[in-house]
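So this block is my_file-v5.cif, mmCIF, N, CA and C atoms and all ligand atoms:
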data_target
loop_
_atom_site.label_atom_id
_atom_site.label_comp_id
_atom_site.auth_asym_id
_atom_site.auth_seq_id
_atom_site.Cartn_x
_atom_site.Cartn_y
_atom_site.Cartn_z
N MET A 136 -32.27 -6.25 -0.91
CA MET A 136 -30.92 -6.51 -1.45
C MET A 136 -30.36 -7.79 -0.82
N ALA A 137 -29.62 -8.56 -1.61
CA ALA A 137 -29.00 -9.77 -1.08
C ALA A 137 -27.95 -9.41 -0.05
N SER A 138 -27.75 -10.30 0.92
CA SER A 138 -26.72 -10.05 1.93
C SER A 138 -26.01 -11.37 2.23
N PHE A 139 -25.01 -11.31 3.07
CA PHE A 139 -24.33 -12.52 3.50
C PHE A 139 -23.88 -12.32 4.94
N LYS A 140 -23.62 -13.45 5.62
CA LYS A 140 -23.20 -13.38 7.02
C LYS A 140 -21.70 -13.12 7.07
N LEU A 141 -21.32 -12.13 7.87
CA LEU A 141 -19.90 -11.83 8.06
C LEU A 141 -19.52 -12.07 9.52
N ASP A 142 -18.50 -12.89 9.73
CA ASP A 142 -17.95 -13.10 11.07
C ASP A 142 -16.52 -12.62 11.07
N ILE A 143 -16.21 -11.71 11.98
CA ILE A 143 -14.81 -11.28 12.16
C ILE A 143 -14.41 -11.74 13.56
N VAL A 144 -13.41 -12.62 13.60
CA VAL A 144 -13.00 -13.16 14.90
C VAL A 144 -11.50 -13.00 15.09
N THR A 145 -11.11 -12.81 16.35
CA THR A 145 -9.69 -12.83 16.71
C THR A 145 -9.52 -13.95 17.73
N ALA A 146 -8.28 -14.17 18.17
CA ALA A 146 -8.06 -15.19 19.20
C ALA A 146 -8.76 -14.80 20.49
N GLU A 147 -9.04 -13.49 20.65
CA GLU A 147 -9.63 -13.01 21.90
C GLU A 147 -11.15 -13.03 21.90
N LYS A 148 -11.75 -12.68 20.73
CA LYS A 148 -13.21 -12.50 20.76
C LYS A 148 -13.82 -12.47 19.36
N VAL A 149 -15.16 -12.54 19.35
CA VAL A 149 -15.90 -12.30 18.11
C VAL A 149 -16.09 -10.79 18.04
N VAL A 150 -15.50 -10.17 17.01
CA VAL A 150 -15.53 -8.72 16.90
C VAL A 150 -16.81 -8.25 16.20
N PHE A 151 -17.29 -9.08 15.27
CA PHE A 151 -18.43 -8.66 14.43
C PHE A 151 -19.11 -9.92 13.92
N SER A 152 -20.42 -9.96 13.98
CA SER A 152 -21.14 -11.12 13.46
C SER A 152 -22.54 -10.66 13.05
N GLU A 153 -22.68 -10.30 11.78
CA GLU A 153 -23.96 -9.76 11.30
C GLU A 153 -24.11 -10.06 9.81
N ASP A 154 -25.36 -9.92 9.34
CA ASP A 154 -25.58 -9.96 7.90
C ASP A 154 -25.20 -8.61 7.32
N VAL A 155 -24.49 -8.63 6.20
CA VAL A 155 -24.02 -7.38 5.59
C VAL A 155 -24.26 -7.45 4.07
N ASP A 156 -24.15 -6.29 3.43
CA ASP A 156 -24.37 -6.24 1.97
C ASP A 156 -23.07 -6.36 1.18
N MET A 157 -21.99 -5.85 1.79
CA MET A 157 -20.72 -5.79 1.04
C MET A 157 -19.57 -5.51 2.00
N ILE A 158 -18.40 -6.04 1.69
CA ILE A 158 -17.21 -5.62 2.44
C ILE A 158 -16.08 -5.29 1.47
N VAL A 159 -15.19 -4.43 1.93
CA VAL A 159 -13.96 -4.16 1.19
C VAL A 159 -12.82 -4.39 2.19
N ALA A 160 -11.93 -5.34 1.85
CA ALA A 160 -10.89 -5.78 2.78
C ALA A 160 -9.50 -5.48 2.21
N PRO A 161 -8.51 -5.33 3.11
CA PRO A 161 -7.14 -5.05 2.64
C PRO A 161 -6.41 -6.32 2.20
N GLY A 162 -6.60 -6.69 0.94
CA GLY A 162 -5.98 -7.91 0.41
C GLY A 162 -4.52 -7.69 0.05
N LEU A 163 -3.84 -8.79 -0.23
CA LEU A 163 -2.41 -8.73 -0.59
C LEU A 163 -2.18 -7.91 -1.85
N MET A 164 -3.14 -7.98 -2.78
CA MET A 164 -2.98 -7.31 -4.07
C MET A 164 -3.71 -5.98 -4.11
N GLY A 165 -4.19 -5.50 -2.97
CA GLY A 165 -4.95 -4.25 -2.94
C GLY A 165 -6.32 -4.50 -2.33
N GLU A 166 -7.20 -3.54 -2.49
CA GLU A 166 -8.52 -3.67 -1.89
C GLU A 166 -9.30 -4.80 -2.55
N LEU A 167 -9.97 -5.57 -1.71
CA LEU A 167 -10.71 -6.73 -2.19
C LEU A 167 -12.17 -6.54 -1.82
N GLY A 168 -13.03 -6.36 -2.83
CA GLY A 168 -14.45 -6.16 -2.59
C GLY A 168 -15.19 -7.48 -2.65
N ILE A 169 -16.04 -7.72 -1.65
CA ILE A 169 -16.81 -8.96 -1.62
C ILE A 169 -18.30 -8.62 -1.56
N LEU A 170 -19.03 -9.11 -2.55
CA LEU A 170 -20.48 -8.96 -2.60
C LEU A 170 -21.12 -10.33 -2.39
N PRO A 171 -22.44 -10.39 -2.16
CA PRO A 171 -23.08 -11.70 -2.04
C PRO A 171 -22.79 -12.57 -3.27
N HIS A 172 -22.71 -13.87 -3.05
CA HIS A 172 -22.48 -14.86 -4.12
C HIS A 172 -21.09 -14.75 -4.75
N HIS A 173 -20.16 -14.19 -4.01
CA HIS A 173 -18.76 -14.15 -4.50
C HIS A 173 -18.23 -15.58 -4.59
N THR A 174 -17.35 -15.81 -5.54
CA THR A 174 -16.71 -17.12 -5.67
C THR A 174 -15.97 -17.47 -4.38
N PRO A 175 -16.08 -18.72 -3.91
CA PRO A 175 -15.32 -19.11 -2.71
C PRO A 175 -13.83 -18.85 -2.89
N LEU A 176 -13.21 -18.34 -1.84
CA LEU A 176 -11.76 -18.10 -1.89
C LEU A 176 -11.21 -18.01 -0.48
N MET A 177 -9.90 -18.16 -0.39
CA MET A 177 -9.21 -17.99 0.89
C MET A 177 -8.00 -17.13 0.58
N THR A 178 -7.81 -16.06 1.34
CA THR A 178 -6.69 -15.17 1.04
C THR A 178 -6.15 -14.52 2.30
N THR A 179 -4.95 -14.01 2.19
CA THR A 179 -4.29 -13.33 3.30
C THR A 179 -4.70 -11.86 3.31
N LEU A 180 -4.84 -11.30 4.50
CA LEU A 180 -5.11 -9.87 4.62
C LEU A 180 -3.90 -9.16 5.20
N LEU A 181 -3.68 -7.94 4.75
CA LEU A 181 -2.61 -7.10 5.28
C LEU A 181 -3.18 -6.18 6.35
N PRO A 182 -2.33 -5.56 7.16
CA PRO A 182 -2.84 -4.54 8.08
C PRO A 182 -3.49 -3.42 7.27
N GLY A 183 -4.67 -3.01 7.65
CA GLY A 183 -5.35 -1.96 6.89
C GLY A 183 -6.80 -1.83 7.31
N GLU A 184 -7.57 -1.29 6.36
CA GLU A 184 -8.96 -0.91 6.64
C GLU A 184 -9.94 -1.95 6.09
N LEU A 185 -10.86 -2.35 6.94
CA LEU A 185 -11.94 -3.23 6.48
C LEU A 185 -13.24 -2.43 6.56
N ARG A 186 -13.89 -2.23 5.40
CA ARG A 186 -15.15 -1.47 5.38
C ARG A 186 -16.32 -2.43 5.19
N ILE A 187 -17.36 -2.19 5.96
CA ILE A 187 -18.53 -3.06 5.92
C ILE A 187 -19.75 -2.21 5.60
N ARG A 188 -20.48 -2.60 4.57
CA ARG A 188 -21.71 -1.87 4.20
C ARG A 188 -22.93 -2.70 4.53
N LYS A 189 -23.88 -2.03 5.16
CA LYS A 189 -25.17 -2.66 5.46
C LYS A 189 -26.22 -1.58 5.27
N GLY A 190 -27.00 -1.66 4.21
CA GLY A 190 -27.93 -0.57 3.90
C GLY A 190 -27.13 0.71 3.71
N ASP A 191 -27.56 1.76 4.40
CA ASP A 191 -26.85 3.04 4.28
C ASP A 191 -25.70 3.17 5.28
N ASP A 192 -25.53 2.16 6.14
CA ASP A 192 -24.50 2.25 7.19
C ASP A 192 -23.17 1.70 6.70
N GLU A 193 -22.11 2.39 7.09
CA GLU A 193 -20.77 1.85 6.83
C GLU A 193 -20.02 1.76 8.16
N THR A 194 -19.50 0.57 8.44
CA THR A 194 -18.68 0.36 9.63
C THR A 194 -17.24 0.20 9.16
N VAL A 195 -16.32 0.89 9.83
CA VAL A 195 -14.92 0.80 9.44
C VAL A 195 -14.12 0.21 10.60
N LEU A 196 -13.32 -0.81 10.27
CA LEU A 196 -12.47 -1.43 11.29
C LEU A 196 -11.02 -1.41 10.84
N ALA A 197 -10.13 -1.35 11.83
CA ALA A 197 -8.71 -1.55 11.56
C ALA A 197 -8.43 -3.03 11.78
N ILE A 198 -7.79 -3.65 10.78
CA ILE A 198 -7.45 -5.07 10.85
C ILE A 198 -5.92 -5.17 10.87
N SER A 199 -5.40 -6.02 11.76
CA SER A 199 -3.93 -6.16 11.81
C SER A 199 -3.46 -7.37 11.03
N GLY A 200 -4.02 -7.56 9.84
CA GLY A 200 -3.65 -8.72 9.04
C GLY A 200 -4.42 -9.96 9.47
N GLY A 201 -4.36 -11.00 8.67
CA GLY A 201 -5.07 -12.24 8.99
C GLY A 201 -5.47 -12.97 7.73
N PHE A 202 -6.60 -13.66 7.81
CA PHE A 202 -7.09 -14.44 6.66
C PHE A 202 -8.55 -14.14 6.42
N LEU A 203 -8.93 -14.24 5.16
CA LEU A 203 -10.33 -14.06 4.80
C LEU A 203 -10.76 -15.29 4.00
N GLU A 204 -11.88 -15.85 4.40
CA GLU A 204 -12.41 -17.00 3.65
C GLU A 204 -13.83 -16.68 3.19
N VAL A 205 -14.05 -16.84 1.89
CA VAL A 205 -15.40 -16.68 1.35
C VAL A 205 -15.98 -18.08 1.16
N ARG A 206 -17.07 -18.36 1.90
CA ARG A 206 -17.78 -19.63 1.73
C ARG A 206 -19.08 -19.32 0.99
N PRO A 207 -19.81 -20.34 0.56
CA PRO A 207 -21.02 -20.06 -0.25
C PRO A 207 -22.01 -19.11 0.43
N THR A 208 -22.19 -19.23 1.75
CA THR A 208 -23.22 -18.38 2.37
C THR A 208 -22.65 -17.45 3.43
N ARG A 209 -21.35 -17.46 3.64
CA ARG A 209 -20.79 -16.59 4.67
C ARG A 209 -19.33 -16.24 4.39
N VAL A 210 -18.90 -15.19 5.05
CA VAL A 210 -17.51 -14.76 4.93
C VAL A 210 -16.93 -14.72 6.34
N ILE A 211 -15.73 -15.29 6.48
CA ILE A 211 -15.09 -15.34 7.78
C ILE A 211 -13.75 -14.61 7.70
N VAL A 212 -13.54 -13.68 8.62
CA VAL A 212 -12.25 -13.01 8.72
C VAL A 212 -11.62 -13.44 10.03
N LEU A 213 -10.45 -14.08 9.93
CA LEU A 213 -9.68 -14.45 11.12
C LEU A 213 -8.58 -13.39 11.23
N ALA A 214 -8.75 -12.48 12.17
CA ALA A 214 -7.83 -11.35 12.23
C ALA A 214 -6.88 -11.50 13.41
N ASP A 215 -5.65 -11.01 13.21
CA ASP A 215 -4.70 -11.00 14.33
C ASP A 215 -5.23 -10.07 15.41
N ALA A 216 -5.75 -8.93 15.01
CA ALA A 216 -6.44 -8.00 15.91
C ALA A 216 -7.37 -7.18 15.04
N ALA A 217 -8.44 -6.69 15.63
CA ALA A 217 -9.39 -5.86 14.87
C ALA A 217 -10.06 -4.90 15.84
N GLU A 218 -10.12 -3.64 15.45
CA GLU A 218 -10.80 -2.64 16.28
C GLU A 218 -11.72 -1.81 15.40
N ARG A 219 -12.91 -1.52 15.90
CA ARG A 219 -13.76 -0.56 15.20
C ARG A 219 -13.08 0.80 15.26
N ALA A 220 -13.33 1.60 14.22
CA ALA A 220 -12.61 2.88 14.12
C ALA A 220 -12.73 3.70 15.39
N ASP A 221 -13.92 3.72 16.00
CA ASP A 221 -14.09 4.58 17.19
C ASP A 221 -13.52 3.95 18.46
N GLU A 222 -13.00 2.73 18.36
CA GLU A 222 -12.35 2.10 19.53
C GLU A 222 -10.84 2.30 19.50
N ILE A 223 -10.34 2.87 18.41
CA ILE A 223 -8.88 2.99 18.28
C ILE A 223 -8.36 4.04 19.26
N ASP A 224 -7.38 3.64 20.04
CA ASP A 224 -6.72 4.55 20.98
C ASP A 224 -5.57 5.21 20.20
N VAL A 225 -5.79 6.47 19.82
CA VAL A 225 -4.84 7.15 18.93
C VAL A 225 -3.49 7.34 19.63
N ALA A 226 -3.50 7.71 20.90
CA ALA A 226 -2.23 7.93 21.62
C ALA A 226 -1.42 6.63 21.67
N ARG A 227 -2.12 5.53 21.87
CA ARG A 227 -1.42 4.23 21.93
C ARG A 227 -0.82 3.88 20.56
N ALA A 228 -1.60 4.10 19.51
CA ALA A 228 -1.09 3.81 18.16
C ALA A 228 0.08 4.72 17.81
N GLU A 229 0.00 5.98 18.25
CA GLU A 229 1.09 6.93 17.99
C GLU A 229 2.36 6.47 18.71
N ALA A 230 2.19 6.01 19.95
CA ALA A 230 3.35 5.53 20.72
C ALA A 230 3.94 4.28 20.05
N ALA A 231 3.06 3.39 19.57
CA ALA A 231 3.54 2.16 18.91
C ALA A 231 4.28 2.51 17.63
N ARG A 232 3.77 3.51 16.90
CA ARG A 232 4.45 3.92 15.66
C ARG A 232 5.83 4.48 15.98
N GLN A 233 5.88 5.34 16.99
CA GLN A 233 7.15 5.95 17.39
C GLN A 233 8.17 4.90 17.80
N LYS A 234 7.70 3.95 18.60
CA LYS A 234 8.60 2.90 19.09
C LYS A 234 9.15 2.06 17.92
N ALA A 235 8.26 1.69 17.00
CA ALA A 235 8.70 0.88 15.86
C ALA A 235 9.68 1.68 14.99
N GLN A 236 9.38 2.96 14.78
CA GLN A 236 10.28 3.78 13.95
C GLN A 236 11.64 3.94 14.63
N ASP A 237 11.63 4.14 15.95
CA ASP A 237 12.90 4.28 16.68
C ASP A 237 13.73 3.01 16.56
N ARG A 238 13.05 1.88 16.72
CA ARG A 238 13.78 0.60 16.62
C ARG A 238 14.40 0.44 15.24
N LEU A 239 13.64 0.77 14.23
CA LEU A 239 14.15 0.60 12.87
C LEU A 239 15.27 1.59 12.56
N ALA A 240 15.14 2.80 13.12
CA ALA A 240 16.13 3.84 12.79
C ALA A 240 17.42 3.69 13.59
N HIS A 241 17.30 3.33 14.86
CA HIS A 241 18.47 3.43 15.73
C HIS A 241 19.12 2.11 16.11
N HIS A 242 18.37 1.04 16.05
CA HIS A 242 18.94 -0.25 16.47
C HIS A 242 18.66 -1.33 15.45
N PRO A 243 18.93 -1.07 14.18
CA PRO A 243 18.51 -2.04 13.16
C PRO A 243 19.06 -3.45 13.37
N ALA A 244 20.29 -3.54 13.88
CA ALA A 244 20.87 -4.88 14.01
C ALA A 244 20.36 -5.61 15.24
N ALA A 245 19.89 -4.84 16.21
CA ALA A 245 19.56 -5.44 17.51
C ALA A 245 18.13 -5.96 17.59
N VAL A 246 17.34 -5.64 16.60
CA VAL A 246 15.93 -6.05 16.72
C VAL A 246 15.52 -6.90 15.54
N ASP A 247 14.43 -7.54 15.70
CA ASP A 247 13.85 -8.29 14.61
C ASP A 247 13.18 -7.27 13.69
N GLU A 248 13.83 -7.00 12.57
CA GLU A 248 13.34 -5.94 11.70
C GLU A 248 11.94 -6.23 11.17
N GLU A 249 11.71 -7.51 10.91
CA GLU A 249 10.39 -7.88 10.39
C GLU A 249 9.29 -7.55 11.40
N ALA A 250 9.58 -7.84 12.68
CA ALA A 250 8.58 -7.56 13.73
C ALA A 250 8.35 -6.06 13.86
N ALA A 251 9.43 -5.28 13.76
CA ALA A 251 9.29 -3.83 13.87
C ALA A 251 8.51 -3.27 12.68
N GLN A 252 8.77 -3.81 11.49
CA GLN A 252 8.02 -3.36 10.30
C GLN A 252 6.54 -3.71 10.44
N ALA A 253 6.26 -4.89 10.99
CA ALA A 253 4.86 -5.30 11.17
C ALA A 253 4.18 -4.40 12.20
N ALA A 254 4.88 -4.09 13.29
CA ALA A 254 4.30 -3.22 14.32
C ALA A 254 4.04 -1.83 13.74
N LEU A 255 4.98 -1.38 12.90
CA LEU A 255 4.81 -0.07 12.26
C LEU A 255 3.58 -0.09 11.34
N ALA A 256 3.43 -1.16 10.57
CA ALA A 256 2.28 -1.24 9.65
C ALA A 256 0.96 -1.26 10.43
N ARG A 257 0.91 -1.95 11.56
CA ARG A 257 -0.32 -1.98 12.37
C ARG A 257 -0.64 -0.59 12.89
N ALA A 258 0.40 0.08 13.42
CA ALA A 258 0.19 1.41 14.00
C ALA A 258 -0.25 2.42 12.94
N VAL A 259 0.40 2.37 11.77
CA VAL A 259 0.06 3.31 10.70
C VAL A 259 -1.38 3.08 10.23
N ALA A 260 -1.77 1.82 10.10
CA ALA A 260 -3.15 1.51 9.68
C ALA A 260 -4.14 2.07 10.70
N ARG A 261 -3.86 1.88 11.98
CA ARG A 261 -4.79 2.39 13.03
C ARG A 261 -4.89 3.91 12.97
N LEU A 262 -3.75 4.56 12.81
CA LEU A 262 -3.75 6.03 12.80
C LEU A 262 -4.50 6.56 11.58
N LYS A 263 -4.27 5.94 10.43
CA LYS A 263 -4.94 6.39 9.19
C LYS A 263 -6.45 6.27 9.33
N ILE A 264 -6.89 5.15 9.86
CA ILE A 264 -8.34 4.89 9.96
C ILE A 264 -8.97 5.84 10.97
N ALA A 265 -8.31 6.02 12.12
CA ALA A 265 -8.86 6.93 13.14
C ALA A 265 -8.97 8.35 12.58
N GLU A 266 -7.95 8.77 11.84
CA GLU A 266 -7.93 10.12 11.27
C GLU A 266 -9.02 10.28 10.20
N LYS A 267 -9.15 9.27 9.36
CA LYS A 267 -10.14 9.33 8.27
C LYS A 267 -11.57 9.43 8.83
N VAL A 268 -11.83 8.64 9.85
CA VAL A 268 -13.18 8.64 10.42
C VAL A 268 -13.45 9.96 11.15
N LYS A 269 -12.43 10.48 11.80
CA LYS A 269 -12.58 11.78 12.49
C LYS A 269 -12.88 12.88 11.46
N ARG A 270 -12.14 12.85 10.35
CA ARG A 270 -12.33 13.86 9.30
C ARG A 270 -13.73 13.76 8.71
N ARG A 271 -14.16 12.51 8.50
CA ARG A 271 -15.48 12.31 7.90
C ARG A 271 -16.58 12.86 8.83
N ARG A 272 -16.40 12.64 10.16
CA ARG A 272 -17.40 13.14 11.12
C ARG A 272 -17.45 14.66 11.10
N ARG A 273 -16.26 15.28 10.98
CA ARG A 273 -16.21 16.76 10.97
C ARG A 273 -16.96 17.31 9.78
N ASN A 274 -16.94 16.55 8.66
CA ASN A 274 -17.56 17.03 7.43
C ASN A 274 -19.06 16.73 7.33
N LEU A 275 -19.60 16.01 8.31
CA LEU A 275 -21.03 15.67 8.24
C LEU A 275 -21.91 16.87 8.55
P1 LIG A 301 0.79 -2.04 21.15
O1 LIG A 301 2.29 -1.97 21.04
O2 LIG A 301 0.18 -0.69 21.45
O3 LIG A 301 0.27 -3.15 22.04
P2 LIG A 301 0.32 -3.76 18.88
O4 LIG A 301 0.18 -3.43 17.44
O5 LIG A 301 1.51 -4.57 19.26
O6 LIG A 301 0.25 -2.37 19.67
P3 LIG A 301 -1.58 -5.85 18.83
O7 LIG A 301 -0.71 -6.98 19.24
O8 LIG A 301 -1.90 -5.71 17.37
O9 LIG A 301 -1.00 -4.49 19.39
O10 LIG A 301 -2.97 -5.92 19.60
C1 LIG A 301 -3.07 -6.35 20.97
C2 LIG A 301 -4.46 -5.99 21.47
O11 LIG A 301 -4.53 -4.57 21.69
C3 LIG A 301 -5.59 -6.31 20.49
O12 LIG A 301 -6.74 -6.66 21.22
C4 LIG A 301 -5.82 -5.00 19.75
O13 LIG A 301 -7.17 -4.91 19.28
C5 LIG A 301 -5.52 -3.98 20.85
N1 LIG A 301 -4.92 -2.72 20.36
C6 LIG A 301 -3.66 -2.53 19.94
N2 LIG A 301 -3.44 -1.25 19.64
C7 LIG A 301 -4.62 -0.60 19.84
C8 LIG A 301 -5.05 0.75 19.68
N3 LIG A 301 -4.23 1.72 19.25
N4 LIG A 301 -6.33 1.05 20.00
C9 LIG A 301 -7.17 0.11 20.44
N5 LIG A 301 -6.84 -1.20 20.61
C10 LIG A 301 -5.57 -1.55 20.31
#

Now that the file is in, can you turn its structure into structure tokens?
Amino acid sequence: MASFKLDIVTAEKVVFSEDVDMIVAPGLMGELGILPHHTPLMTTLLPGELRIRKGDDETVLAISGGFLEVRPTRVIVLADAAERADEIDVARAEAARQKAQDRLAHHPAAVDEEAAQAALARAVARLKIAEKVKRRRRNL
């Protein structure tokens, strides 16, 4: 099967760098599927789930938004943050969600609402992905 090189990088590190068969990324307009030989494009990513297929393996990562660029022979994801599903610290994400919700609910005028909404979206994406992967493991 045809494949392409996928690099997922953050300001901190290279999170993933392998040949893959397909990815599904959280695009602005919904899920964005990329197969080999996809038309070149550059787009924004929202906080959400990035799924990577390689043979029978699927790797799931939480992405905190960023950019995706499709080049002729490779795909590059520049992410604000990215964690593999099994690296997600659920208690930390739960605390971040609570804090963002409290800020939005109780101190709307005193905080940067946009920042609190963004923090909430990151936390919710992490929690959803951790829960989904846990459920999938239970069902195996
Ligand atoms: P927090 O308030 O808990 O720091 P945040 O959404 O503000 O959450 P980010 O700025 O997106 O955090 O990420 C900072 C660093 O911490 C990144 O390296 C990111 O991968 C990591 N990180 C953030 N939250 C989690 C989590 N729940 N589990 C694992 N790594 C996390």

### Task
Find the residue from A:Arg271, A:Arg188, A:Ile169, A:Leu176 that sits nearest to Val155 (chain A); use all atoms listed in the file when measuring.
A:Arg188

### Task
Give as a VMD selection string the residues surrounding ligand LIG 301 (chain A) up to a distance of 6 Å, considering all atoms listed in the file.
chain A and resid 199 215 to 218 222 to 225 227 to 228 231 254 257 to 258

### Task
Based on DSSP run over this structure's backbone, return all residues of chain A in strand (DSSP E or B), as a ChimeraX atom specification.
/A:139-144,149-155,157-162,165-169,176-189,192-205,209-214,217-219

#### Entry: Shell of 7 Å around region 156-161 of chain A, all atoms listed in the file, local chain residues under 4 positions omitted, as a ChimeraX atom specification
/A:136-139,165-171,179-190

Can you spit out the residues from that selection as a PDB file, in the frame of the given file, using N, CA and C atoms?
ATOM      1  N   MET A 136     -32.270  -6.250  -0.910  1.00  0.00           N
ATOM      2  CA  MET A 136     -30.920  -6.510  -1.450  1.00  0.00           C
ATOM      3  C   MET A 136     -30.360  -7.790  -0.820  1.00  0.00           C
ATOM      4  N   ALA A 137     -29.620  -8.560  -1.610  1.00  0.00           N
ATOM      5  CA  ALA A 137     -29.000  -9.770  -1.080  1.00  0.00           C
ATOM      6  C   ALA A 137     -27.950  -9.410  -0.050  1.00  0.00           C
ATOM      7  N   SER A 138     -27.750 -10.300   0.920  1.00  0.00           N
ATOM      8  CA  SER A 138     -26.720 -10.050   1.930  1.00  0.00           C
ATOM      9  C   SER A 138     -26.010 -11.370   2.230  1.00  0.00           C
ATOM     10  N   PHE A 139     -25.010 -11.310   3.070  1.00  0.00           N
ATOM     11  CA  PHE A 139     -24.330 -12.520   3.500  1.00  0.00           C
ATOM     12  C   PHE A 139     -23.880 -12.320   4.940  1.00  0.00           C
ATOM     13  N   GLY A 165      -4.190  -5.500  -2.970  1.00  0.00           N
ATOM     14  CA  GLY A 165      -4.950  -4.250  -2.940  1.00  0.00           C
ATOM     15  C   GLY A 165      -6.320  -4.500  -2.330  1.00  0.00           C
ATOM     16  N   GLU A 166      -7.200  -3.540  -2.490  1.00  0.00           N
ATOM     17  CA  GLU A 166      -8.520  -3.670  -1.890  1.00  0.00           C
ATOM     18  C   GLU A 166      -9.300  -4.800  -2.550  1.00  0.00           C
ATOM     19  N   LEU A 167      -9.970  -5.570  -1.710  1.00  0.00           N
ATOM     20  CA  LEU A 167     -10.710  -6.730  -2.190  1.00  0.00           C
ATOM     21  C   LEU A 167     -12.170  -6.540  -1.820  1.00  0.00           C
ATOM     22  N   GLY A 168     -13.030  -6.360  -2.830  1.00  0.00           N
ATOM     23  CA  GLY A 168     -14.450  -6.160  -2.590  1.00  0.00           C
ATOM     24  C   GLY A 168     -15.190  -7.480  -2.650  1.00  0.00           C
ATOM     25  N   ILE A 169     -16.040  -7.720  -1.650  1.00  0.00           N
ATOM     26  CA  ILE A 169     -16.810  -8.960  -1.620  1.00  0.00           C
ATOM     27  C   ILE A 169     -18.300  -8.620  -1.560  1.00  0.00           C
ATOM     28  N   LEU A 170     -19.030  -9.110  -2.550  1.00  0.00           N
ATOM     29  CA  LEU A 170     -20.480  -8.960  -2.600  1.00  0.00           C
ATOM     30  C   LEU A 170     -21.120 -10.330  -2.390  1.00  0.00           C
ATOM     31  N   PRO A 171     -22.440 -10.390  -2.160  1.00  0.00           N
ATOM     32  CA  PRO A 171     -23.080 -11.700  -2.040  1.00  0.00           C
ATOM     33  C   PRO A 171     -22.790 -12.570  -3.270  1.00  0.00           C
ATOM     34  N   THR A 179      -4.950 -14.010   2.190  1.00  0.00           N
ATOM     35  CA  THR A 179      -4.290 -13.330   3.300  1.00  0.00           C
ATOM     36  C   THR A 179      -4.700 -11.860   3.310  1.00  0.00           C
ATOM     37  N   LEU A 180      -4.840 -11.300   4.500  1.00  0.00           N
ATOM     38  CA  LEU A 180      -5.110  -9.870   4.620  1.00  0.00           C
ATOM     39  C   LEU A 180      -3.900  -9.160   5.200  1.00  0.00           C
ATOM     40  N   LEU A 181      -3.680  -7.940   4.750  1.00  0.00           N
ATOM     41  CA  LEU A 181      -2.610  -7.100   5.280  1.00  0.00           C
ATOM     42  C   LEU A 181      -3.180  -6.180   6.350  1.00  0.00           C
ATOM     43  N   PRO A 182      -2.330  -5.560   7.160  1.00  0.00           N
ATOM     44  CA  PRO A 182      -2.840  -4.540   8.080  1.00  0.00           C
ATOM     45  C   PRO A 182      -3.490  -3.420   7.270  1.00  0.00           C
ATOM     46  N   GLY A 183      -4.670  -3.010   7.650  1.00  0.00           N
ATOM     47  CA  GLY A 183      -5.350  -1.960   6.890  1.00  0.00           C
ATOM     48  C   GLY A 183      -6.800  -1.830   7.310  1.00  0.00           C
ATOM     49  N   GLU A 184      -7.570  -1.290   6.360  1.00  0.00           N
ATOM     50  CA  GLU A 184      -8.960  -0.910   6.640  1.00  0.00           C
ATOM     51  C   GLU A 184      -9.940  -1.950   6.090  1.00  0.00           C
ATOM     52  N   LEU A 185     -10.860  -2.350   6.940  1.00  0.00           N
ATOM     53  CA  LEU A 185     -11.940  -3.230   6.480  1.00  0.00           C
ATOM     54  C   LEU A 185     -13.240  -2.430   6.560  1.00  0.00           C
ATOM     55  N   ARG A 186     -13.890  -2.230   5.400  1.00  0.00           N
ATOM     56  CA  ARG A 186     -15.150  -1.470   5.380  1.00  0.00           C
ATOM     57  C   ARG A 186     -16.320  -2.430   5.190  1.00  0.00           C
ATOM     58  N   ILE A 187     -17.360  -2.190   5.960  1.00  0.00           N
ATOM     59  CA  ILE A 187     -18.530  -3.060   5.920  1.00  0.00           C
ATOM     60  C   ILE A 187     -19.750  -2.210   5.600  1.00  0.00           C
ATOM     61  N   ARG A 188     -20.480  -2.600   4.570  1.00  0.00           N
ATOM     62  CA  ARG A 188     -21.710  -1.870   4.200  1.00  0.00           C
ATOM     63  C   ARG A 188     -22.930  -2.700   4.530  1.00  0.00           C
ATOM     64  N   LYS A 189     -23.880  -2.030   5.160  1.00  0.00           N
ATOM     65  CA  LYS A 189     -25.170  -2.660   5.460  1.00  0.00           C
ATOM     66  C   LYS A 189     -26.220  -1.580   5.270  1.00  0.00           C
ATOM     67  N   GLY A 190     -27.000  -1.660   4.210  1.00  0.00           N
ATOM     68  CA  GLY A 190     -27.930  -0.570   3.900  1.00  0.00           C
ATOM     69  C   GLY A 190     -27.130   0.710   3.710  1.00  0.00           C
TER      70      GLY A 190
END

### Query
A:Ala235, A:Leu141, A:Leu196, A:Ala256: which is nearest Ile211 (chain A), counting all atoms listed in the file?
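Ranked by minimum distance to Ile211 (chain A), first place goes to A:Leu141.
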
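Counting all atoms listed in the file and comparing A:Leu203, A:Ile143, A:Leu255, A:Ile264, the residue that lies closest to Gln233 (chain A) is A:Leu255.
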
### Between CA of Lys269 (chain A) and CA of Ala146 (chain A) - distance in Å to one decimal
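Those two atoms sit 28.2 Å apart.
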
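Across the model, the gap from CA of Thr208 (chain A) to CA of His172 (chain A) is 7.4 Å.
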
### Task
Pick out the residues sitting within 6 Å of Asp142 (chain A), and hand them over as an MDAnalysis selection string; count all atoms listed in the file, and ignore anything fewer than 3 positions along from it in its own chain.
chainID A and resid 151:153 210:212

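For the atom pair formed by atom N of Glu266 (chain A) and CA of Ala240 (chain A), the distance is 24.6 Å, given to one decimal.
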
#### Entry: Proximity to Ala214 (chain A) - best of A:Ile198, A:Leu163, A:Ala226, A:Val268, only N, CA and C atoms
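Of the candidates, the smallest distance to Ala214 (chain A) is held by A:Ile198.
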
## Note on the structure
Counting only C-alpha atoms, closest pick from A:Arg219, A:Pro207, A:Lys263, A:Gly162 relative to Val150 (chain A) is A:Arg219

### Summary
Of A:Glu204, A:Met164, A:Asp247, A:Ala197, the one nearest to Thr178 (chain A) when counting all atoms listed in the file is A:Glu204
